[in-house]
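Asker: Okay, here's the structure, questions in a sec.
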Amino acid sequence: MSKSIHLLHHPYRRFAVLGLSLVLFLHGFGCTNLRYAGAPPPSYNVNKDLKQLAEQFKPATAVSNYYLLPNPTPKDRDVVISARMVMINLEYLKWLRKVTAEKQFLDTATDVLIMSLNLAATAAGGEGTKVVLSAISAGVVGSKTSIDKHYFYEKTVPALIAAMNAQRKVVLERILIGMKGGLEDYSFEQALSDVYEYYQAGTFMGAVMAIQSDSGAKEKKADEKILMLTRPTPDEKEAVRILQPVWVELYKDAKAGKLTQEQVNILRKALQNLKVDIPSADKEVLYRLHGLLQQREKTAVEILKALRDAGYSIP
Amino acid sequence: MKTIRFSIAGDNSLADINEILSDQEARNSEFLDSKIAYQDQKVVNLVTFNLYDDATVPNELILKKKSQKPPQNATKFWEGVMVVSKETVVVVAYRAN
């Protein structure tokens, strides 16, 4: 008992205040109206609190402290990685609340956060810490009940979040299994690496990569070169505009079988000016030149110039 | 139908994306859809176009956020999530009638 009281003074006092404020905040959340057409409000809004939590856990310092230990134990390892996981989970849930109102995803993330808080409480030891962590845990549980409204969101975001949760679970299981072992089985460095991977799994990019690597329907083949489009320059827009009646005229003649040899020769010369391969069949020449514009192999300005230089009369 | 895919950086505004897509459509192409993808360590919009084999230019393309009022005299033809100004946004694509 006296130990608990002592712990609440230093350095846990600040942490206790922080935890209490977080719980109060989360309690208040339940009364907050939903803002964005049914999506939950930015919720936690605990940037300040997270900073203080970060100070409390001092993950970086904990890492250095770990290496100062003459005979580190698995428990020392677990204190560091469980603290980091709490931080990651808090941030993840905070972020998740910004991007989705899907209750199932929030519930999953909340459950993982609660579990990690309990894990940290166990690893950290000390009654004061346990009390505070349990209080936060209870607050998080309480906040879940306020998120009852479902809001339609497009499939992609839920898919990304589902991928994140799935990836996080995979890494989490590895960490939990590792924490059951000794340092020789699950080293501190490996644990840190896994925690970093756990963080990565909960990122937007991590989810996209996971989907891309896992999905049978890959959106982008490894060898496919995708050109990035940017805002067109005024010159480019003007060139596209000037070229449009040229295509209309050429296709009109081509589809009527009235494309003259002179026209074909001009098109060939234009392709030559553009230093691209030239098809042997006359009927392919127009498609080739037009394709350069459509597929962005050449700019509209270049194509317009090549046509003019080849002798095509363009106003 | 011949299709082609391009990417558009996720830091573009919706107006910028609309302009970029319209510019491609002016090159006798038709915007079909967009999916979020990962390219060169960036999250991008992977957009697909149908390439016309003539000089057709589709009617005006209008992109709106789902939360915005739909335009008049236009028909919705696609809805999905795009990365707009670095954030995921539900976007609806309309074609002027």
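Chain lettering (A, B, ...) mirrors the order of the structure tokens, residue numbering begins at 1 for each chain separately, and ligand numbering begins at 1 in order of display.
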When you look at Leu21 (chain B) with a cut-off of 10 Å (counting only C-alpha atoms), what residues show up, excluding the ones that are within fewer than 2 positions of it in the same chain? I need them as a PyMOL selection string.
Answerer: (chain A and resi 229-232) or (chain B and resi 6+8+15-19+23-26+29-31+47-49+61-63)
Asker: Specify as a ChimeraX atom specification all residues of chain B found within 6 Å of chain A, counting only C-alpha atoms.
Answerer: /B:6-8,20,27,54-55,80
Asker: Using C-alpha atoms, can you write the selected residues to a file as a compact mmCIF listing (two decimals), in the first residue's frame?
Answerer:
```
# COMPACT_ATOMS: atom_id res chain seq x y z
CA PHE B 6 -1.54 7.06 -65.59
CA SER B 7 -0.87 8.17 -62.05
CA ILE B 8 -1.71 11.48 -60.44
CA ILE B 20 -5.38 16.93 -65.38
CA ARG B 27 -6.47 13.96 -76.14
CA ASP B 54 -10.91 8.50 -83.52
CA ALA B 55 -11.11 12.18 -82.63
CA GLY B 80 -14.59 6.13 -55.39
```
Asker: Could you list, as an MDAnalysis selection string, every residue within 12 Å of Asn273 (chain A), counting only C-alpha atoms and ignoring same-chain residues fewer than 3 positions away?
Answerer: chainID A and resid 266:270 276:278 289 298 302:311
Asker: Please list as a VMD selection string every residue within 12 Å of Gly202 (chain A), counting only C-alpha atoms and excluding residues in the same chain fewer than 5 positions away.
Answerer: chain A and resid 85 88 to 96 109 160 to 172 195 to 197 207 to 210
